[in-house]
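S.K.: Quick one, model07.cif (mmCIF, N, CA and C atoms):
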data_coords
loop_
_atom_site.label_atom_id
_atom_site.label_comp_id
_atom_site.auth_asym_id
_atom_site.auth_seq_id
_atom_site.Cartn_x
_atom_site.Cartn_y
_atom_site.Cartn_z
N LEU P 84 -42.41 27.97 -48.21
CA LEU P 84 -42.98 29.20 -48.72
C LEU P 84 -43.44 29.07 -50.16
N MET P 85 -42.83 28.15 -50.90
CA MET P 85 -43.20 28.02 -52.30
C MET P 85 -43.74 26.62 -52.58
N TYR P 86 -44.20 25.91 -51.54
CA TYR P 86 -44.64 24.54 -51.69
C TYR P 86 -46.04 24.43 -52.29
N GLN P 87 -46.97 25.21 -51.77
CA GLN P 87 -48.33 25.14 -52.28
C GLN P 87 -49.04 26.48 -52.08
N VAL P 88 -50.06 26.69 -52.86
CA VAL P 88 -50.85 27.92 -52.78
C VAL P 88 -51.95 27.72 -51.73
N TRP P 89 -52.12 28.74 -50.88
CA TRP P 89 -53.16 28.73 -49.87
C TRP P 89 -54.19 29.80 -50.20
N THR P 90 -55.38 29.61 -49.70
CA THR P 90 -56.44 30.60 -49.90
C THR P 90 -57.13 30.88 -48.57
N ALA P 91 -57.68 32.06 -48.45
CA ALA P 91 -58.41 32.45 -47.23
C ALA P 91 -59.76 33.01 -47.65
N TRP P 92 -60.77 32.77 -46.83
CA TRP P 92 -62.11 33.26 -47.13
C TRP P 92 -62.92 33.38 -45.86
N ALA P 93 -64.03 34.12 -45.96
CA ALA P 93 -64.98 34.24 -44.86
C ALA P 93 -66.30 33.67 -45.34
N GLY P 94 -66.84 32.72 -44.62
CA GLY P 94 -68.13 32.14 -44.96
C GLY P 94 -69.27 33.03 -44.51
N GLU P 95 -70.48 32.65 -44.88
CA GLU P 95 -71.65 33.44 -44.52
C GLU P 95 -71.83 33.57 -43.01
N SER P 96 -71.38 32.58 -42.26
CA SER P 96 -71.50 32.63 -40.80
C SER P 96 -70.43 33.51 -40.16
N GLY P 97 -69.49 34.03 -40.99
CA GLY P 97 -68.40 34.85 -40.47
C GLY P 97 -67.16 34.06 -40.12
N ALA P 98 -67.16 32.77 -40.43
CA ALA P 98 -65.99 31.92 -40.14
C ALA P 98 -64.88 32.23 -41.15
N ILE P 99 -63.77 32.80 -40.68
CA ILE P 99 -62.61 33.06 -41.54
C ILE P 99 -61.76 31.81 -41.50
N GLN P 100 -61.50 31.25 -42.68
CA GLN P 100 -60.77 29.99 -42.78
C GLN P 100 -59.65 30.10 -43.80
N VAL P 101 -58.64 29.25 -43.65
CA VAL P 101 -57.55 29.13 -44.62
C VAL P 101 -57.38 27.66 -44.96
N GLN P 102 -56.93 27.41 -46.19
CA GLN P 102 -56.77 26.03 -46.64
C GLN P 102 -55.89 26.01 -47.88
N PRO P 103 -55.10 24.94 -48.07
CA PRO P 103 -54.38 24.82 -49.34
C PRO P 103 -55.38 24.82 -50.49
N GLU P 104 -54.99 25.46 -51.58
CA GLU P 104 -55.89 25.59 -52.72
C GLU P 104 -56.32 24.23 -53.28
N ASP P 105 -55.44 23.22 -53.18
CA ASP P 105 -55.78 21.90 -53.70
C ASP P 105 -56.61 21.07 -52.72
N GLU P 106 -56.95 21.66 -51.58
CA GLU P 106 -57.77 21.03 -50.54
C GLU P 106 -57.17 19.71 -50.02
N SER P 107 -55.83 19.63 -50.03
CA SER P 107 -55.14 18.44 -49.55
C SER P 107 -55.19 18.32 -48.03
N GLN P 108 -55.53 19.40 -47.35
CA GLN P 108 -55.66 19.42 -45.90
C GLN P 108 -56.98 20.09 -45.55
N PRO P 109 -57.53 19.78 -44.38
CA PRO P 109 -58.79 20.43 -44.00
C PRO P 109 -58.59 21.93 -43.74
N ALA P 110 -59.66 22.68 -43.89
CA ALA P 110 -59.62 24.12 -43.64
C ALA P 110 -59.32 24.37 -42.15
N ILE P 111 -58.61 25.46 -41.89
CA ILE P 111 -58.25 25.87 -40.54
C ILE P 111 -59.08 27.10 -40.19
N LEU P 112 -59.81 27.04 -39.08
CA LEU P 112 -60.60 28.18 -38.62
C LEU P 112 -59.66 29.18 -37.96
N VAL P 113 -59.65 30.41 -38.45
CA VAL P 113 -58.80 31.47 -37.92
C VAL P 113 -59.56 32.28 -36.87
N ALA P 114 -60.79 32.67 -37.22
CA ALA P 114 -61.62 33.48 -36.33
C ALA P 114 -63.04 33.46 -36.86
N THR P 115 -63.98 33.84 -36.02
CA THR P 115 -65.36 33.99 -36.46
C THR P 115 -65.73 35.46 -36.29
N VAL P 116 -65.94 36.12 -37.44
CA VAL P 116 -66.17 37.56 -37.46
C VAL P 116 -67.30 37.85 -38.45
N PRO P 117 -68.54 37.93 -38.00
CA PRO P 117 -69.64 38.25 -38.92
C PRO P 117 -69.38 39.56 -39.66
N GLY P 118 -69.60 39.55 -40.96
CA GLY P 118 -69.42 40.75 -41.78
C GLY P 118 -67.99 41.00 -42.24
N ALA P 119 -67.08 40.06 -41.98
CA ALA P 119 -65.68 40.26 -42.39
C ALA P 119 -65.56 40.26 -43.91
N GLU P 120 -64.69 41.11 -44.42
CA GLU P 120 -64.41 41.17 -45.85
C GLU P 120 -62.95 41.57 -46.05
N TYR P 121 -62.52 41.70 -47.29
CA TYR P 121 -61.12 42.01 -47.61
C TYR P 121 -60.16 41.10 -46.84
N ILE P 122 -60.33 39.81 -46.99
CA ILE P 122 -59.47 38.85 -46.30
C ILE P 122 -58.13 38.77 -47.02
N SER P 123 -57.02 38.77 -46.28
CA SER P 123 -55.69 38.64 -46.86
C SER P 123 -54.86 37.70 -46.01
N LEU P 124 -53.95 36.96 -46.64
CA LEU P 124 -53.19 35.91 -45.97
C LEU P 124 -51.74 35.93 -46.43
N ALA P 125 -50.82 35.71 -45.50
CA ALA P 125 -49.39 35.53 -45.81
C ALA P 125 -48.79 34.63 -44.75
N PHE P 126 -47.66 34.03 -45.07
CA PHE P 126 -46.91 33.20 -44.13
C PHE P 126 -45.52 33.79 -43.94
N ASP P 127 -44.99 33.68 -42.71
CA ASP P 127 -43.62 34.13 -42.48
C ASP P 127 -42.65 32.99 -42.77
N ARG P 128 -41.37 33.19 -42.55
CA ARG P 128 -40.34 32.18 -42.85
C ARG P 128 -40.54 30.89 -42.07
N ASN P 129 -41.19 30.96 -40.92
CA ASN P 129 -41.43 29.77 -40.10
C ASN P 129 -42.80 29.16 -40.37
N MET P 130 -43.46 29.63 -41.43
CA MET P 130 -44.79 29.19 -41.83
C MET P 130 -45.87 29.50 -40.80
N ASN P 131 -45.65 30.54 -40.01
CA ASN P 131 -46.71 31.08 -39.15
C ASN P 131 -47.55 32.00 -40.01
N MET P 132 -48.86 31.83 -39.97
CA MET P 132 -49.72 32.64 -40.83
C MET P 132 -50.03 33.99 -40.20
N ALA P 133 -50.26 34.94 -41.09
CA ALA P 133 -50.80 36.25 -40.73
C ALA P 133 -52.06 36.41 -41.58
N VAL P 134 -53.16 36.75 -40.95
CA VAL P 134 -54.43 36.92 -41.65
C VAL P 134 -55.01 38.27 -41.24
N ALA P 135 -55.40 39.06 -42.25
CA ALA P 135 -56.02 40.36 -41.99
C ALA P 135 -57.41 40.38 -42.61
N TRP P 136 -58.31 41.11 -41.97
CA TRP P 136 -59.66 41.26 -42.50
C TRP P 136 -60.21 42.60 -42.06
N SER P 137 -61.14 43.12 -42.85
CA SER P 137 -61.80 44.37 -42.46
C SER P 137 -63.24 44.05 -42.07
N VAL P 138 -63.72 44.81 -41.13
CA VAL P 138 -65.11 44.69 -40.70
C VAL P 138 -65.50 46.04 -40.09
N GLY P 139 -66.66 46.54 -40.49
CA GLY P 139 -67.09 47.83 -39.97
C GLY P 139 -66.11 48.92 -40.36
N GLY P 140 -65.64 49.67 -39.40
CA GLY P 140 -64.74 50.78 -39.67
C GLY P 140 -63.30 50.52 -39.34
N GLY P 141 -62.85 49.28 -39.48
CA GLY P 141 -61.46 48.99 -39.15
C GLY P 141 -60.99 47.65 -39.67
N VAL P 142 -59.77 47.32 -39.31
CA VAL P 142 -59.11 46.10 -39.74
C VAL P 142 -58.56 45.38 -38.53
N SER P 143 -58.58 44.05 -38.59
CA SER P 143 -57.93 43.23 -37.57
C SER P 143 -56.85 42.39 -38.24
N LEU P 144 -55.77 42.18 -37.52
CA LEU P 144 -54.64 41.38 -38.00
C LEU P 144 -54.34 40.31 -36.97
N ARG P 145 -54.43 39.05 -37.39
CA ARG P 145 -54.07 37.92 -36.52
C ARG P 145 -52.70 37.45 -36.99
N TRP P 146 -51.73 37.45 -36.07
CA TRP P 146 -50.36 37.13 -36.43
C TRP P 146 -49.66 36.42 -35.28
N PHE P 147 -48.55 35.75 -35.60
CA PHE P 147 -47.80 35.03 -34.58
C PHE P 147 -46.79 35.97 -33.95
N ASP P 148 -46.94 36.19 -32.64
CA ASP P 148 -46.04 37.05 -31.89
C ASP P 148 -45.01 36.17 -31.20
N SER P 149 -43.77 36.21 -31.69
CA SER P 149 -42.72 35.34 -31.15
C SER P 149 -42.31 35.71 -29.73
N THR P 150 -42.65 36.92 -29.26
CA THR P 150 -42.30 37.28 -27.89
C THR P 150 -43.17 36.58 -26.87
N VAL P 151 -44.40 36.21 -27.26
CA VAL P 151 -45.28 35.47 -26.36
C VAL P 151 -45.53 34.05 -26.86
N GLU P 152 -44.94 33.73 -28.04
CA GLU P 152 -45.08 32.42 -28.67
C GLU P 152 -46.53 31.99 -28.81
N ALA P 153 -47.34 32.92 -29.33
CA ALA P 153 -48.76 32.64 -29.54
C ALA P 153 -49.30 33.59 -30.60
N TYR P 154 -50.43 33.20 -31.17
CA TYR P 154 -51.12 34.09 -32.10
C TYR P 154 -51.85 35.16 -31.31
N VAL P 155 -51.78 36.38 -31.81
CA VAL P 155 -52.49 37.51 -31.20
C VAL P 155 -53.27 38.22 -32.31
N THR P 156 -54.29 38.93 -31.92
CA THR P 156 -55.07 39.73 -32.87
C THR P 156 -54.96 41.18 -32.47
N THR P 157 -54.55 42.01 -33.43
CA THR P 157 -54.38 43.44 -33.21
C THR P 157 -55.40 44.17 -34.07
N ASP P 158 -56.10 45.13 -33.48
CA ASP P 158 -57.12 45.90 -34.20
C ASP P 158 -56.56 47.25 -34.61
N TYR P 159 -56.93 47.68 -35.82
CA TYR P 159 -56.51 48.97 -36.37
C TYR P 159 -57.76 49.74 -36.80
N PRO P 160 -58.33 50.57 -35.94
CA PRO P 160 -59.53 51.32 -36.30
C PRO P 160 -59.23 52.37 -37.38
N GLY P 161 -60.24 52.65 -38.19
CA GLY P 161 -60.10 53.68 -39.22
C GLY P 161 -59.27 53.27 -40.42
N VAL P 162 -59.03 51.97 -40.58
CA VAL P 162 -58.17 51.44 -41.63
C VAL P 162 -59.03 50.64 -42.60
N SER P 163 -58.64 50.61 -43.88
CA SER P 163 -59.35 49.80 -44.88
C SER P 163 -58.37 49.15 -45.84
N CYS P 164 -58.87 48.26 -46.67
CA CYS P 164 -58.12 47.58 -47.74
C CYS P 164 -56.88 46.85 -47.23
N PRO P 165 -56.99 45.97 -46.23
CA PRO P 165 -55.79 45.29 -45.73
C PRO P 165 -55.23 44.31 -46.76
N ARG P 166 -53.92 44.30 -46.89
CA ARG P 166 -53.23 43.37 -47.77
C ARG P 166 -51.95 42.92 -47.08
N LEU P 167 -51.63 41.62 -47.22
CA LEU P 167 -50.44 41.04 -46.64
C LEU P 167 -49.60 40.38 -47.72
N THR P 168 -48.29 40.40 -47.54
CA THR P 168 -47.39 39.65 -48.41
C THR P 168 -46.11 39.34 -47.67
N HIS P 169 -45.50 38.23 -48.03
CA HIS P 169 -44.13 37.94 -47.60
C HIS P 169 -43.26 38.53 -48.69
N ASP P 170 -42.48 39.53 -48.35
CA ASP P 170 -41.84 40.34 -49.39
C ASP P 170 -40.78 39.62 -50.21
N ASP P 171 -39.95 38.79 -49.62
CA ASP P 171 -38.87 38.16 -50.39
C ASP P 171 -38.79 36.68 -50.02
N LYS P 172 -39.34 35.84 -50.87
CA LYS P 172 -39.43 34.41 -50.59
C LYS P 172 -38.20 33.63 -51.08
N ARG P 173 -37.24 34.32 -51.67
CA ARG P 173 -36.08 33.63 -52.24
C ARG P 173 -35.28 32.90 -51.16
N GLU P 174 -34.71 31.76 -51.57
CA GLU P 174 -33.78 31.02 -50.72
C GLU P 174 -32.64 31.95 -50.32
N GLY P 175 -32.28 31.97 -49.06
CA GLY P 175 -31.19 32.82 -48.60
C GLY P 175 -31.59 34.23 -48.22
N ALA P 176 -32.86 34.59 -48.36
CA ALA P 176 -33.31 35.94 -48.04
C ALA P 176 -33.84 36.03 -46.60
N GLY P 177 -33.66 34.99 -45.82
CA GLY P 177 -34.23 34.93 -44.49
C GLY P 177 -33.83 36.05 -43.56
N ALA P 178 -32.61 36.58 -43.71
CA ALA P 178 -32.13 37.63 -42.80
C ALA P 178 -32.85 38.96 -43.02
N TRP P 179 -33.38 39.18 -44.20
CA TRP P 179 -34.01 40.47 -44.47
C TRP P 179 -35.46 40.38 -44.95
N SER P 180 -35.97 39.18 -45.11
CA SER P 180 -37.36 39.08 -45.58
C SER P 180 -38.32 39.37 -44.42
N ASP P 181 -39.54 39.73 -44.79
CA ASP P 181 -40.51 40.17 -43.78
C ASP P 181 -41.92 39.99 -44.30
N VAL P 182 -42.88 39.86 -43.40
CA VAL P 182 -44.28 39.95 -43.77
C VAL P 182 -44.65 41.43 -43.69
N ILE P 183 -45.21 41.93 -44.79
CA ILE P 183 -45.61 43.33 -44.88
C ILE P 183 -47.13 43.42 -44.81
N PHE P 184 -47.62 44.28 -43.95
CA PHE P 184 -49.05 44.55 -43.78
C PHE P 184 -49.30 45.94 -44.36
N ALA P 185 -50.04 46.01 -45.47
CA ALA P 185 -50.34 47.29 -46.11
C ALA P 185 -51.83 47.58 -46.00
N TYR P 186 -52.18 48.86 -45.95
CA TYR P 186 -53.57 49.26 -45.82
C TYR P 186 -53.69 50.74 -46.17
N VAL P 187 -54.92 51.24 -46.16
CA VAL P 187 -55.19 52.65 -46.42
C VAL P 187 -55.83 53.24 -45.17
N ARG P 188 -55.30 54.38 -44.76
CA ARG P 188 -55.90 55.15 -43.66
C ARG P 188 -55.84 56.62 -44.03
N ASP P 189 -56.96 57.30 -43.93
CA ASP P 189 -57.06 58.72 -44.27
C ASP P 189 -56.58 59.00 -45.70
N GLY P 190 -56.87 58.06 -46.62
CA GLY P 190 -56.50 58.25 -48.02
C GLY P 190 -55.03 58.09 -48.34
N VAL P 191 -54.25 57.54 -47.38
CA VAL P 191 -52.81 57.38 -47.56
C VAL P 191 -52.44 55.91 -47.45
N LEU P 192 -51.60 55.42 -48.38
CA LEU P 192 -51.07 54.07 -48.31
C LEU P 192 -50.09 54.00 -47.15
N ARG P 193 -50.28 52.98 -46.30
CA ARG P 193 -49.42 52.82 -45.13
C ARG P 193 -49.03 51.35 -44.99
N THR P 194 -47.89 51.10 -44.36
CA THR P 194 -47.43 49.73 -44.15
C THR P 194 -46.90 49.56 -42.73
N ARG P 195 -46.88 48.32 -42.32
CA ARG P 195 -46.26 47.90 -41.07
C ARG P 195 -45.50 46.61 -41.37
N GLN P 196 -44.46 46.29 -40.58
CA GLN P 196 -43.63 45.12 -40.81
C GLN P 196 -43.65 44.19 -39.61
N GLN P 197 -43.54 42.91 -39.92
CA GLN P 197 -43.49 41.90 -38.86
C GLN P 197 -42.29 42.15 -37.94
N ARG P 198 -41.14 42.53 -38.50
CA ARG P 198 -39.94 42.71 -37.67
C ARG P 198 -40.13 43.78 -36.60
N ASP P 199 -41.08 44.70 -36.83
CA ASP P 199 -41.43 45.74 -35.85
C ASP P 199 -42.62 45.32 -34.99
N ARG P 200 -43.00 44.06 -35.10
CA ARG P 200 -44.19 43.54 -34.42
C ARG P 200 -45.42 44.35 -34.81
N TYR P 201 -45.42 44.89 -36.02
CA TYR P 201 -46.54 45.66 -36.58
C TYR P 201 -46.88 46.89 -35.74
N GLU P 202 -45.92 47.40 -34.99
CA GLU P 202 -46.17 48.55 -34.11
C GLU P 202 -45.86 49.88 -34.77
N ILE P 203 -44.96 49.90 -35.76
CA ILE P 203 -44.55 51.16 -36.39
C ILE P 203 -45.27 51.31 -37.73
N GLU P 204 -45.92 52.44 -37.91
CA GLU P 204 -46.64 52.71 -39.15
C GLU P 204 -45.77 53.57 -40.06
N TYR P 205 -45.61 53.11 -41.31
CA TYR P 205 -44.87 53.85 -42.32
C TYR P 205 -45.87 54.42 -43.33
N SER P 206 -45.83 55.73 -43.56
CA SER P 206 -46.73 56.38 -44.51
C SER P 206 -46.02 56.51 -45.85
N HIS P 207 -46.78 56.31 -46.94
CA HIS P 207 -46.17 56.33 -48.26
C HIS P 207 -46.77 57.43 -49.13
N GLN P 208 -47.85 57.21 -49.80
CA GLN P 208 -48.40 58.24 -50.68
C GLN P 208 -49.91 58.26 -50.61
N GLU P 209 -50.48 59.37 -51.03
CA GLU P 209 -51.93 59.49 -51.07
C GLU P 209 -52.47 58.63 -52.20
N LEU P 210 -53.64 58.05 -51.95
CA LEU P 210 -54.29 57.21 -52.96
C LEU P 210 -55.66 57.77 -53.27
N GLU P 211 -56.05 57.65 -54.52
CA GLU P 211 -57.39 58.06 -54.92
C GLU P 211 -58.31 56.86 -55.07
N ARG P 212 -57.75 55.65 -54.97
CA ARG P 212 -58.53 54.41 -55.11
C ARG P 212 -58.11 53.44 -54.02
N ASP P 213 -58.82 52.30 -53.96
CA ASP P 213 -58.50 51.25 -52.99
C ASP P 213 -57.22 50.53 -53.36
N LEU P 214 -56.54 50.02 -52.36
CA LEU P 214 -55.40 49.14 -52.54
C LEU P 214 -55.96 47.76 -52.89
N THR P 215 -55.52 47.16 -53.99
CA THR P 215 -56.06 45.87 -54.40
C THR P 215 -55.08 44.72 -54.25
N LYS P 216 -53.78 44.95 -54.49
CA LYS P 216 -52.78 43.88 -54.40
C LYS P 216 -51.43 44.45 -53.96
N ILE P 217 -50.63 43.58 -53.34
CA ILE P 217 -49.22 43.90 -53.10
C ILE P 217 -48.42 42.64 -53.33
N GLY P 218 -47.17 42.79 -53.70
CA GLY P 218 -46.30 41.64 -53.89
C GLY P 218 -44.98 42.07 -54.51
N MET P 219 -44.06 41.11 -54.58
CA MET P 219 -42.75 41.36 -55.14
C MET P 219 -42.85 41.46 -56.66
N ALA P 220 -42.27 42.49 -57.22
CA ALA P 220 -42.26 42.70 -58.67
C ALA P 220 -40.85 42.47 -59.20
N THR P 221 -40.68 42.68 -60.49
CA THR P 221 -39.35 42.54 -61.06
C THR P 221 -38.44 43.59 -60.46
N GLY P 222 -37.16 43.32 -60.49
CA GLY P 222 -36.21 44.25 -59.88
C GLY P 222 -36.20 44.15 -58.38
N LEU P 223 -36.83 43.11 -57.83
CA LEU P 223 -36.89 42.88 -56.38
C LEU P 223 -37.43 44.10 -55.63
N ARG P 224 -38.50 44.65 -56.15
CA ARG P 224 -39.16 45.79 -55.51
C ARG P 224 -40.58 45.39 -55.14
N LEU P 225 -41.02 45.86 -53.98
CA LEU P 225 -42.39 45.60 -53.56
C LEU P 225 -43.31 46.53 -54.33
N GLN P 226 -44.34 45.96 -54.94
CA GLN P 226 -45.24 46.75 -55.78
C GLN P 226 -46.64 46.77 -55.16
N PHE P 227 -47.29 47.92 -55.24
CA PHE P 227 -48.64 48.12 -54.74
C PHE P 227 -49.54 48.41 -55.91
N GLU P 228 -50.66 47.67 -56.03
CA GLU P 228 -51.62 47.91 -57.11
C GLU P 228 -52.87 48.55 -56.53
N VAL P 229 -53.30 49.64 -57.16
CA VAL P 229 -54.51 50.34 -56.71
C VAL P 229 -55.53 50.33 -57.83
#
Please rewrite the model in this file as structure tokens.

M.R.:
Amino acid sequence: LMYQVWTAWAGESGAIQVQPEDESQPAILVATVPGAEYISLAFDRNMNMAVAWSVGGGVSLRWFDSTVEAYVTTDYPGVSCPRLTHDDKREGAGAWSDVIFAYVRDGVLRTRQQRDRYEIEYSHQELERDLTKIGMATGLRLQFEV
């Protein structure tokens, strides 16, 4: 989880790819989605990637579903500003750490968790701007930047 920095991007052809920032490994094609934007990437404790992107009027999330032991893509219509983070990367936090999927729907910050298989939506607060970043802050609290 703390070995190297990875980056995700969408090329002009719509190819969403991920790669270590130092380019020590070849890029991995995640999906081909013309017009994709707001790409976000996180890894779970087993180094399975979760990648979210927005296109048109919604967001798609590609994640590893351990119940079927395969990557699946889940669509969330009416959603914008997708952001992903692994909330607690500390050694020994495996029992409670999670990949958090945050986004905006109807002007409200909302999240879903990997442990819920991203099925349960948690509503937080109204936003007047876009969600730009999420991550662990001091005091071991998840912080949202708008």

S.K.: What residues come out when you apply the PyMOL selection byres ((chain P and resi 180-193) around 7) to this file, written as an NGL selection string?

M.R.: :P and (126-128 or 161-172 or 176-179 or 194-198 or 204-211 or 214)

S.K.: Name all residues at most 12 Å from Leu112 in chain P (count only C-alpha atoms; drop same-chain ones fewer than 3 positions away) and give them as a VMD selection string.

M.R.: chain P and resid 91 to 94 96 to 102 109 115 to 116 132 134 145

S.K.: Return the single residue from P:Trp89, P:Gly222, P:Glu152, P:Asn129 that is closest to Ile111 in chain P, with distances computed using only C-alpha atoms.

M.R.: P:Trp89

S.K.: So that I can check the secondary structure, give me every residue of chain P assigned helix (DSSP H, G or I) by backbone DSSP, as a ChimeraX atom specification.

M.R.: /P:197-199,221-223

S.K.: Could you jot down the CA of Tyr159 in chain P to CA of Val138 in chain P separation for me, Å, one decimal place?

M.R.: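 Interatomic distance, CA of Tyr159 in chain P to CA of Val138 in chain P: 10.5 Å.
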
S.K.: Could you check how far atom N of Ser149 in chain P sits from CA of Ala125 in chain P, in Å to one decimal?

M.R.: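 CA of Ala125 in chain P lies 15.2 Å from atom N of Ser149 in chain P.
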
S.K.: Counting only C-alpha atoms, which residue out of P:Val113, P:Arg212, P:Thr156, P:Thr150 sits closest to Asp199 in chain P?

M.R.: P:Thr150

S.K.: Residues of chain P in strand (DSSP E) according to DSSP, as a count of residues only?

M.R.: 81

S.K.: To one decimal place in Å, what is the distance between atom C of Ile122 in chain P and CA of Leu223 in chain P?

M.R.: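 The value is 23.6 Å.
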
S.K.: For Asp105 in chain P, list every protein, DNA or RNA residue within 8 Å, evaluated using all atoms listed in the file, and leave out those in the same chain fewer than 5 positions away; present the list as a PyMOL selection string.

M.R.: chain P and resi 87-90

S.K.: Centre and edge lengths of an axis-aligned box around all listed atoms of range 116-119 of chain P, with 4 Å added on each side, are to be given in Å to one decimal, as AutoDock Vina command-line options.

M.R.:
--center_x -67.6 --center_y 38.6 --center_z -40.7 --size_x 12.1 --size_y 12.9 --size_z 14.5

S.K.: Carefully work through the PyMOL selection byres (((chain P and resi 142 and name CA) around 6) and name CA) for this structure and note down the residues it includes, as a list of chain:residue names.

M.R.: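 Matching residues under the PyMOL selection byres (((chain P and resi 142 and name CA) around 6) and name CA) are P:Trp136, P:Ser137, P:Gly141, P:Ser143, P:Asp158, P:Tyr159, P:Val162.
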